[in-house]
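Each remark here refers to the structure printed beneath this line.
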There are 2 protein chains.
Amino acid sequence: MARRESAAAGPGSRALIVDLIRSSGPISRVELVKVTGLTQPTISNIVRRLIDDGVVRETGDTVATRGKPRTLLVINSRAAYGVGIHVGADALTCVVTDTRGGTVGRQLVAAPAQGGPASVVAALAALYDEVTDGLGLPPQSVAGMAVVGPGPVDVARGGFLAPPGLPEWAGLDLVQALTARLGVPVLVDSDAAAAVVGEFWGRQVSRERTFGCLYMNSGIGSGVVLDGALHRGASSNTGKIGHVAVVHDGEPCHCGSRGCLEQYAAPRVLVARARAAGSLADRLRIRPEDPDARAFDVLARAAVYGDQEARALLEESAALLAEGAVTLANLWDLDTLVLAGPGFAVAGSIYVSEIRRRLAERAFTRDVHGVRVDLSSNPRDAAAIGGAALVLQGSVAPGHGPQVAARA
Amino acid sequence: MARRESAAAGPGSRALIVDLIRSSGPISRVELVKVTGLTQPTISNIVRRLIDDGVVRETGDTVATRGKPRTLLVINSRAAYGVGIHVGADALTCVVTDTRGGTVGRQLVAAPAQGGPASVVAALAALYDEVTDGLGLPPQSVAGMAVVGPGPVDVARGGFLAPPGLPEWAGLDLVQALTARLGVPVLVDSDAAAAVVGEFWGRQVSRERTFGCLYMNSGIGSGVVLDGALHRGASSNTGKIGHVAVVHDGEPCHCGSRGCLEQYAAPRVLVARARAAGSLADRLRIRPEDPDARAFDVLARAAVYGDQEARALLEESAALLAEGAVTLANLWDLDTLVLAGPGFAVAGSIYVSEIRRRLAERAFTRDVHGVRVDLSSNPRDAAAIGGAALVLQGSVAPGHGPQVAARA
């Protein structure tokens with residue numbers, strides 16, 4: 001069963017070293033010995049193999065010390081490329097990143113609305129081909145592909161169990177079908193898990209942080225990185241903050257529970273309310289046929305530009321999300337929380353300031369330490385970028401990432 | 001800053017080996033190599049030192065294989081003793097355990113009600129002396145003492161920040177004062193963190209589990225063990241499920257938030273309600289001067305024996321705790337949850353069945369896997385036993401436990 005990735009155990013030493021070079025590089029072998037507690041010969045062996053594999057390179061610079069000068073190591077950013085596809089209710093976003101998390105390509109297409117499982121697989125494969133061909137990437141430089149979307153996910157089998165609004169995707173063995181079709185490793189994971197890994201990887205965050213991410217698209221999820229590794233729990237379905245009750249025995253939710261945060265604060269709910277209050281939808285020219293995601297962007301823009309009615313809706317949602325953020329902080333004892341996902345793309349500032357305010361007032365540990373709250377630098381693509389990071393983590397550290405699926 | 005204990009990193013290899021021998025022993029060195037991925041010489045070195053230190057012993061049995069026969073290793077249960085003191089609002093519970101978690105001594109005294117910091121330290125030291133002397137433990141066999149109680153804790157400084165009902169304990173540097181007085185390593189941690197470590201340690205649970213504990217005394221907390229190590233978060237204040245809102249913008253709580261679970265479901269709240277509804281308190285002979293903990297036991301016993309009014313109060317509390325359990329399961333993706341703490345000592349069965357029912361109906365991952373719910377075999381002493389386990393983990397694996405405090 002897939003679990004929290006153990007970055008530090010024996011077989012994970014390679015992943016640990018890669019992560020330390022990523023977050024603390026340029027760094028010398030001597031410093032790696034000091035930080036990890038692993039022996040000099042172990043570090044030397046692992047680093048030699050990483051250099052042979054093209055994952056790590058020596059900078060050419062040395063640090064003068066009383067002893068032998070120390071050569072510095074960094075990640076070789078063009079060693080490999082990862083492809084991440086984010087599955088949204090009406091669009092597929094594909095990004096390609098290098099091993100330092102820099103985006104080198106991006107494409108957006110409409111999600112296949114009908115045609116059954118075959119058309120879903122065909123659409124994903126076509127998108128992969130188009131983006132990698134367009135960038136002229138040699139096939140051997142592509143580490144693999146991640147397909148990320150709403151949970152629950154079955155990471156071992158490699159599929160989504162019940163993605164809301166995408167009935168054709170439910171239970172599909174995507175990993176098997178796509179691996180056969182593309183000939184590269186493929187993994188499936190949740191959008192929130194991918195986003196937290198991508199934000200952690202891209203921000204050069206120290207592995208000392210207890211690093212959380214609140215993710216909002218059509219639904220609301222979250223993820224956490226502990227000691228530099230994604231917390232996976234029993235089945236890679238952690239962080240379901242959207243399905244934490246905010247109203248005791250409230251409205252029934254598709255997840256089987258009642259009164260879930262998602263039913264009161266998610267973008268589609270606010271859009272439905274704006275539509276029900278006809279005057280607001282009319283004033284903002286939200287048409288009945290507009291997809292929820294686009295209608296929410298319109299609503300969010302109006303809120304940012306001062307429409308009182310739109311602002312009130314967003315602020316109510318922000319207050320509920322802030323309560324959710326307090327829950328995350330109180331259970332995980334976070335020191336950092338990043339907001340990512342298309343739901344924060346337009347009115348992220350409204351959410352950031354409300355969440356900061358609530359955490360400062362209400363987090364259980366506020367007298368011990370603060371919780372830093374940041375907005376993703378690319379909220380819309382965060383999950384796709386994170387998917388690519390999951391692939392690259394797998395390729396630089398065997399035993400993680402795509403291999404999770406392959407092992408099943 | 002104290003964090004999630006990294007059982008597996010270089011300096012933690014010793015802790016990892018001890019934990020594997022504890023959970024999987026008797027086990028051979030060859031199997032340890034296979035499970036950890038560490039090299040044969042590394043395993044041999046660590047095991048040799050563990051045997052020298054008396055932590056691990058060879059059973060004398062061997063496993064015949066095609067190659068050399070393999071000697072089996074187990075934990076040496078009498079290598080050291082840990083002392084755990086649980087601080088409750090009106091009582092101190094002290095237990096002594098061996099390295100396998102077996103209780104060898106127990107004592108209960110009234111918590112010092114007045115007299116300032118000096119009397120708090122004197123009471124703890126006297127209890128330690130009385131229990132260890134009474135058992136005739138040679139001083140060098142005592143690995144140290146843990147004082148565990150309600151959070152927030154300052155694990156680095158070694159004290160409680162604001163224990164409800166114990167104003168004299170707030171901000172006291174217990175570790176410094178007690179280490180000086182007793183001459184053994186001392187640590188301070190939260191009751192829920194201690195309880196989850198104690199339950200994990202004592203149940204011989206595999207480190208593969210995502211193992212949570214819901215802890216109820218005067219307040220409600222929780223803890224989680226991931227990959228065999230306590231999840232500490234940024235400041236060792238994780239799992240504050242008692243301070244997750246169950247009523248949006250509800251009653252103000254001492255923690256600074258509003259509508260917290262604790263304010264609607266904790267034993268002292270149910271007792272206050274029983275007292276307010278005078279007839280129930282009268283019928284059960286709950287006197288105004290009875291401490292809340294004792295009054296709750298009376299109430300819980302009446303509920304178990306079928307008093308309708310008492311039962312209704314307990315069931316309301318159980319429903320809220322079940323909602324909290326769903327939150328824990330949904331955020332941590334638990335596969336096991338144990339209920340521990342004095343609050344579950346009498347009517348644990350009412351809570352267990354309601355929590356099982358809700359998790360089966362509402363946990364986000366219920367179609368992927370179930371969550372096993374158990375009652376602690378010793379709910380009242382679980383935190384004290386866990387404190388002793390924290391001490392022993394520290395003594396068998398330097399860099400953990402008491403040293404956390406010493407490093408600050």
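Ordered as shown in the structure tokens, chains take letters A, B, and onward, while each chain numbers its residues from 1 and ligands are numbered from 1 in the order shown.
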>> Need to verify the contact set: region 103-110 of chain A, 7 Å, only C-alpha atoms, exclusion of same-chain residues closer than 4 positions in sequence. Can you return it as a ChimeraX atom specification?
In response: /A:90-98,131
Could you please take those selected residues and save C-alpha atoms as a PDB file, in the first residue's frame?
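selection.pdb was written with the following content:
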ATOM      1  CA  ASP A  90     -13.685  21.061 -18.230  1.00  0.00           C
ATOM      2  CA  ALA A  91     -10.003  21.409 -19.138  1.00  0.00           C
ATOM      3  CA  LEU A  92      -6.760  19.467 -19.203  1.00  0.00           C
ATOM      4  CA  THR A  93      -3.621  21.483 -18.402  1.00  0.00           C
ATOM      5  CA  CYS A  94      -0.303  20.004 -19.439  1.00  0.00           C
ATOM      6  CA  VAL A  95       3.063  21.367 -18.299  1.00  0.00           C
ATOM      7  CA  VAL A  96       6.631  20.197 -18.812  1.00  0.00           C
ATOM      8  CA  THR A  97       9.260  21.106 -16.214  1.00  0.00           C
ATOM      9  CA  ASP A  98      12.974  20.588 -15.777  1.00  0.00           C
ATOM     10  CA  VAL A 131       3.544  18.954 -25.960  1.00  0.00           C
TER      11      VAL A 131
END
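Residues lying within 12 Å of Ser377 (chain A), counting only C-alpha atoms and ignoring same-chain neighbours fewer than 6 positions away, are Ala195, Gly198, Glu199, Gly202, Arg203, Val338, Leu339, Ala340, Gly341, Pro342, Phe344, Ala345, Val346, Gly348 and Ile385 of chain A.
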>> When DSSP is applied to the backbone of this structure, which of region 171-290 of chain B are assigned alpha helix (DSSP H)? Write them out as a PyMOL selection string.
In response: chain B and resi 174-182+191-202+262-265+267-276+278-283
>> Can you give me the C-alpha RMSD, to one decimal in Å, for chain B fitted onto chain A with all Cα atoms paired in order?
In response: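 Per the least-squares fit, the RMSD is 0.1 Å.
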> Which residues, written as a ChimeraX atom specification, have at least one atom at most 8 Å from region 222-229 of chain A, with only C-alpha atoms counted and residues fewer than 2 positions away on the same chain left out?
Replying inline: /A:4-7,19,192-193,195-197,200,206-215,220,231,238-241 /B:4,6,233
Take the residues from that selection and put them in a file with C-alpha atoms, as a PDB file, in the first residue's frame.
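The new file part.pdb reads:
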ATOM      1  CA  ARG A   4       4.205   8.535   3.258  1.00  0.00           C
ATOM      2  CA  GLU A   5       7.351   8.590   1.182  1.00  0.00           C
ATOM      3  CA  SER A   6      10.253   7.738   3.413  1.00  0.00           C
ATOM      4  CA  ALA A   7      12.890  10.115   2.124  1.00  0.00           C
ATOM      5  CA  ASP A  19      16.500  16.713  -1.805  1.00  0.00           C
ATOM      6  CA  ALA A 192      -3.619  18.650  -3.845  1.00  0.00           C
ATOM      7  CA  ALA A 193      -0.802  16.150  -3.215  1.00  0.00           C
ATOM      8  CA  ALA A 195       0.442  20.863  -5.678  1.00  0.00           C
ATOM      9  CA  VAL A 196       2.117  20.661  -2.275  1.00  0.00           C
ATOM     10  CA  VAL A 197       5.063  18.723  -3.717  1.00  0.00           C
ATOM     11  CA  PHE A 200       7.778  22.658  -1.925  1.00  0.00           C
ATOM     12  CA  SER A 206      14.164  23.729   3.644  1.00  0.00           C
ATOM     13  CA  ARG A 207      13.095  20.221   4.615  1.00  0.00           C
ATOM     14  CA  GLU A 208      12.826  21.471   8.201  1.00  0.00           C
ATOM     15  CA  ARG A 209       9.508  23.147   7.414  1.00  0.00           C
ATOM     16  CA  THR A 210       6.110  21.646   8.131  1.00  0.00           C
ATOM     17  CA  PHE A 211       4.823  22.745   4.762  1.00  0.00           C
ATOM     18  CA  GLY A 212       1.130  22.656   3.881  1.00  0.00           C
ATOM     19  CA  CYS A 213      -0.851  23.594   0.805  1.00  0.00           C
ATOM     20  CA  LEU A 214      -4.555  24.440   0.618  1.00  0.00           C
ATOM     21  CA  TYR A 215      -5.782  23.611  -2.886  1.00  0.00           C
ATOM     22  CA  ILE A 220     -11.130  21.903  -1.854  1.00  0.00           C
ATOM     23  CA  HIS A 231       2.667  12.651   3.818  1.00  0.00           C
ATOM     24  CA  THR A 238      -4.666  12.642   3.055  1.00  0.00           C
ATOM     25  CA  GLY A 239      -5.674  16.262   3.566  1.00  0.00           C
ATOM     26  CA  LYS A 240      -9.374  16.064   2.662  1.00  0.00           C
ATOM     27  CA  ILE A 241     -10.141  19.388   4.317  1.00  0.00           C
TER      28      ILE A 241
ATOM     29  CA  ARG B   4       8.648  15.040  13.518  1.00  0.00           C
ATOM     30  CA  SER B   6      13.109  11.249  11.815  1.00  0.00           C
ATOM     31  CA  GLY B 233       5.021  19.310  13.231  1.00  0.00           C
TER      32      GLY B 233
END
> For chain A, which residues have at least one atom within 7 Å of chain B, if we go by only C-alpha atoms? Write them as a PyMOL selection string, please.
Replying inline: chain A and resi 8-11+36-38+152+209-210+233-235+237-241+244+246-248+255-257+327+330-335+361-362+364-365
>> Give me the residues near Val269 (chain A) as a list in words, where near means some atom within 10 Å (using only C-alpha atoms) and where sequence neighbours in that chain fewer than 6 positions away do not count.
In response: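 Residues meeting the cut-off are Ser218, Gly219, Glu262, Gln263, Arg275, Asp292, Phe296, Leu313 and Ser317 of chain A.
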Expected file contents, prior selection, C-alpha atoms, as a PDB file, in the first residue's frame:
ATOM      1  CA  SER A 218     -13.958  22.698  -8.187  1.00  0.00           C
ATOM      2  CA  GLY A 219     -13.366  21.050  -4.816  1.00  0.00           C
ATOM      3  CA  GLU A 262     -16.807  22.184   0.133  1.00  0.00           C
ATOM      4  CA  GLN A 263     -20.595  22.493   0.136  1.00  0.00           C
ATOM      5  CA  ARG A 275     -26.986  32.475 -10.285  1.00  0.00           C
ATOM      6  CA  ASP A 292     -18.578  27.144 -13.324  1.00  0.00           C
ATOM      7  CA  PHE A 296     -16.185  31.958 -10.748  1.00  0.00           C
ATOM      8  CA  LEU A 313     -19.946  35.982  -1.296  1.00  0.00           C
ATOM      9  CA  SER A 317     -16.114  31.597   1.470  1.00  0.00           C
TER      10      SER A 317
END
Write out as an mmCIF file with N, CA and C atoms, in the first residue's frame the residues lying within 9 Å of Gly84 (chain B), counting only C-alpha atoms and excluding same-chain residues fewer than 6 positions away.
data_model
loop_
_atom_site.group_PDB
_atom_site.id
_atom_site.type_symbol
_atom_site.label_atom_id
_atom_site.label_comp_id
_atom_site.auth_asym_id
_atom_site.auth_seq_id
_atom_site.Cartn_x
_atom_site.Cartn_y
_atom_site.Cartn_z
ATOM 1 N N THR B 93 -0.440 11.019 37.892
ATOM 2 C CA THR B 93 -0.322 9.567 37.784
ATOM 3 C C THR B 93 1.099 9.256 37.344
ATOM 4 N N CYS B 94 1.763 8.401 38.120
ATOM 5 C CA CYS B 94 3.145 8.045 37.781
ATOM 6 C C CYS B 94 3.207 6.556 37.449
ATOM 7 N N VAL B 95 3.799 6.219 36.316
ATOM 8 C CA VAL B 95 4.017 4.803 36.000
ATOM 9 C C VAL B 95 5.478 4.585 35.658
ATOM 10 N N VAL B 96 5.933 3.353 35.881
ATOM 11 C CA VAL B 96 7.276 2.936 35.472
ATOM 12 C C VAL B 96 7.092 1.760 34.521
ATOM 13 N N THR B 97 7.748 1.808 33.364
ATOM 14 C CA THR B 97 7.639 0.689 32.417
ATOM 15 C C THR B 97 9.029 0.182 32.046
ATOM 16 N N TYR B 128 8.520 10.917 41.915
ATOM 17 C CA TYR B 128 9.567 10.141 41.230
ATOM 18 C C TYR B 128 10.368 9.311 42.251
ATOM 19 N N GLY B 144 15.126 7.877 32.519
ATOM 20 C CA GLY B 144 14.722 9.269 32.636
ATOM 21 C C GLY B 144 13.252 9.370 32.973
ATOM 22 N N MET B 145 12.773 10.613 33.005
ATOM 23 C CA MET B 145 11.385 10.857 33.375
ATOM 24 C C MET B 145 10.721 11.785 32.360
ATOM 25 N N ALA B 146 9.471 11.479 32.047
ATOM 26 C CA ALA B 146 8.668 12.360 31.198
ATOM 27 C C ALA B 146 7.526 12.928 32.022
ATOM 28 N N VAL B 147 7.278 14.220 31.853
ATOM 29 C CA VAL B 147 6.096 14.835 32.453
ATOM 30 C C VAL B 147 5.186 15.219 31.299
ATOM 31 N N VAL B 148 4.001 14.618 31.242
ATOM 32 C CA VAL B 148 3.114 14.874 30.112
ATOM 33 C C VAL B 148 1.790 15.443 30.582
ATOM 34 N N ALA B 383 -1.450 8.043 28.876
ATOM 35 C CA ALA B 383 -0.501 9.134 28.664
ATOM 36 C C ALA B 383 0.756 8.932 29.516
ATOM 37 N N ALA B 384 0.588 8.479 30.762
ATOM 38 C CA ALA B 384 1.751 8.245 31.624
ATOM 39 C C ALA B 384 2.615 7.122 31.048
ATOM 40 N N ILE B 385 1.964 6.043 30.592
ATOM 41 C CA ILE B 385 2.694 4.924 29.981
ATOM 42 C C ILE B 385 3.415 5.425 28.728
ATOM 43 N N GLY B 386 2.736 6.255 27.965
ATOM 44 C CA GLY B 386 3.338 6.822 26.763
ATOM 45 C C GLY B 386 4.526 7.713 27.094
ATOM 46 N N GLY B 387 4.415 8.451 28.198
ATOM 47 C CA GLY B 387 5.546 9.284 28.629
ATOM 48 C C GLY B 387 6.768 8.425 28.887
ATOM 49 N N ALA B 388 6.550 7.290 29.584
ATOM 50 C CA ALA B 388 7.665 6.368 29.842
ATOM 51 C C ALA B 388 8.227 5.835 28.523
ATOM 52 N N ALA B 389 7.344 5.570 27.551
ATOM 53 C CA ALA B 389 7.810 5.085 26.235
ATOM 54 C C ALA B 389 8.655 6.151 25.538
ATOM 55 N N LEU B 390 8.249 7.426 25.654
ATOM 56 C CA LEU B 390 9.032 8.514 25.054
ATOM 57 C C LEU B 390 10.437 8.554 25.656
ATOM 58 N N VAL B 391 10.505 8.371 26.967
ATOM 59 C CA VAL B 391 11.804 8.356 27.652
ATOM 60 C C VAL B 391 12.659 7.207 27.131
#
>> I need the residues in region 115-149 of chain B that are strand (DSSP E) according to DSSP; give them as a PyMOL selection string.
In response: chain B and resi 142-149
Those selected residues, please, written with N, CA and C atoms and delivered as a compact mmCIF listing (two decimals), in the first residue's frame.
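What landed in result.txt:
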# COMPACT_ATOMS: atom_id res chain seq x y z
N VAL B 142 17.43 3.70 35.46
CA VAL B 142 16.32 4.60 35.09
C VAL B 142 16.78 5.50 33.94
N ALA B 143 16.10 5.35 32.81
CA ALA B 143 16.50 6.09 31.61
C ALA B 143 16.12 7.56 31.70
N GLY B 144 15.13 7.88 32.52
CA GLY B 144 14.72 9.27 32.64
C GLY B 144 13.25 9.37 32.97
N MET B 145 12.77 10.61 33.00
CA MET B 145 11.39 10.86 33.38
C MET B 145 10.72 11.79 32.36
N ALA B 146 9.47 11.48 32.05
CA ALA B 146 8.67 12.36 31.20
C ALA B 146 7.53 12.93 32.02
N VAL B 147 7.28 14.22 31.85
CA VAL B 147 6.10 14.84 32.45
C VAL B 147 5.19 15.22 31.30
N VAL B 148 4.00 14.62 31.24
CA VAL B 148 3.11 14.87 30.11
C VAL B 148 1.79 15.44 30.58
N GLY B 149 1.26 16.37 29.79
CA GLY B 149 0.02 17.03 30.18
C GLY B 149 -0.56 17.79 29.01
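The two atoms in question, CA of Val373 (chain B) and CA of Gln204 (chain B), are spaced 16.1 Å apart.
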> Could you name the residues that touch Leu314 (chain B) at 10 Å or less, counting only C-alpha atoms, but leaving out those on the same chain fewer than 4 positions away, as JSON, numbers by chain?
Replying inline: {"B": [265, 266, 267, 270, 296, 299, 300, 302, 303, 304, 308, 309, 310, 318, 319, 320, 347, 350, 351]}
Based on the selection just made, write N, CA and C atoms of those residues as a compact mmCIF listing (two decimals), in the first residue's frame.
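Below is the file part_22.txt, written as the result:
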# COMPACT_ATOMS: atom_id res chain seq x y z
N ALA B 265 -18.07 18.91 23.74
CA ALA B 265 -18.01 17.45 23.90
C ALA B 265 -17.13 16.97 25.04
N ALA B 266 -16.39 17.86 25.70
CA ALA B 266 -15.44 17.40 26.72
C ALA B 266 -16.18 17.02 28.00
N PRO B 267 -15.60 16.09 28.77
CA PRO B 267 -16.21 15.65 30.03
C PRO B 267 -16.67 16.80 30.93
N LEU B 270 -19.96 18.20 29.80
CA LEU B 270 -21.11 17.34 30.07
C LEU B 270 -21.47 17.38 31.55
N PHE B 296 -17.67 13.02 36.11
CA PHE B 296 -17.85 12.47 34.76
C PHE B 296 -17.89 10.94 34.80
N LEU B 299 -21.34 10.01 35.78
CA LEU B 299 -22.24 10.25 34.66
C LEU B 299 -22.08 9.15 33.60
N ALA B 300 -20.82 8.82 33.31
CA ALA B 300 -20.53 7.82 32.28
C ALA B 300 -21.04 6.45 32.70
N ALA B 302 -23.54 5.87 34.73
CA ALA B 302 -25.01 5.89 34.61
C ALA B 302 -25.43 5.69 33.16
N ALA B 303 -24.70 6.29 32.23
CA ALA B 303 -25.02 6.14 30.81
C ALA B 303 -24.88 4.69 30.38
N VAL B 304 -23.78 4.06 30.82
CA VAL B 304 -23.54 2.66 30.46
C VAL B 304 -24.64 1.78 31.04
N GLN B 308 -31.36 7.20 30.90
CA GLN B 308 -31.64 7.81 29.59
C GLN B 308 -31.04 9.20 29.45
N GLU B 309 -31.15 9.98 30.51
CA GLU B 309 -30.69 11.36 30.43
C GLU B 309 -29.15 11.40 30.32
N ALA B 310 -28.50 10.59 31.13
CA ALA B 310 -27.04 10.51 31.08
C ALA B 310 -26.59 9.99 29.72
N ALA B 318 -20.45 11.78 21.98
CA ALA B 318 -19.87 10.76 21.09
C ALA B 318 -20.06 11.13 19.63
N ALA B 319 -21.22 11.71 19.30
CA ALA B 319 -21.47 12.10 17.91
C ALA B 319 -20.48 13.18 17.48
N LEU B 320 -20.21 14.12 18.38
CA LEU B 320 -19.25 15.18 18.05
C LEU B 320 -17.83 14.62 17.95
N ALA B 347 -17.00 4.86 29.85
CA ALA B 347 -18.00 4.67 28.79
C ALA B 347 -17.33 4.59 27.42
N ILE B 350 -19.37 3.29 24.40
CA ILE B 350 -20.33 4.18 23.73
C ILE B 350 -19.62 4.98 22.64
N TYR B 351 -18.43 5.48 22.98
CA TYR B 351 -17.66 6.27 22.01
C TYR B 351 -17.16 5.39 20.86
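Coordinates place CA of Ser28 (chain B) at a distance of 8.2 Å from CA of Val63 (chain B).
Minimum atom-to-atom distances from A:Leu32, A:Leu375, A:Ala111, A:Val155 to His86 (chain A) were compared using only C-alpha atoms, and the lowest value belongs to A:Ala111.
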>> Need the shell around Gly158 (chain A): protein/DNA/RNA residues with any atom at most 9 Å away, counting only C-alpha atoms. Skip same-chain ones fewer than 4 positions apart. Format as a PyMOL selection string?
In response: chain A and resi 153-154+171-176+186-189+405-406+408
>> Quick check, in Å to one decimal: how far apart do CA of Arg380 (chain A) and CA of Met216 (chain A) lie?
In response: 9.6 Å
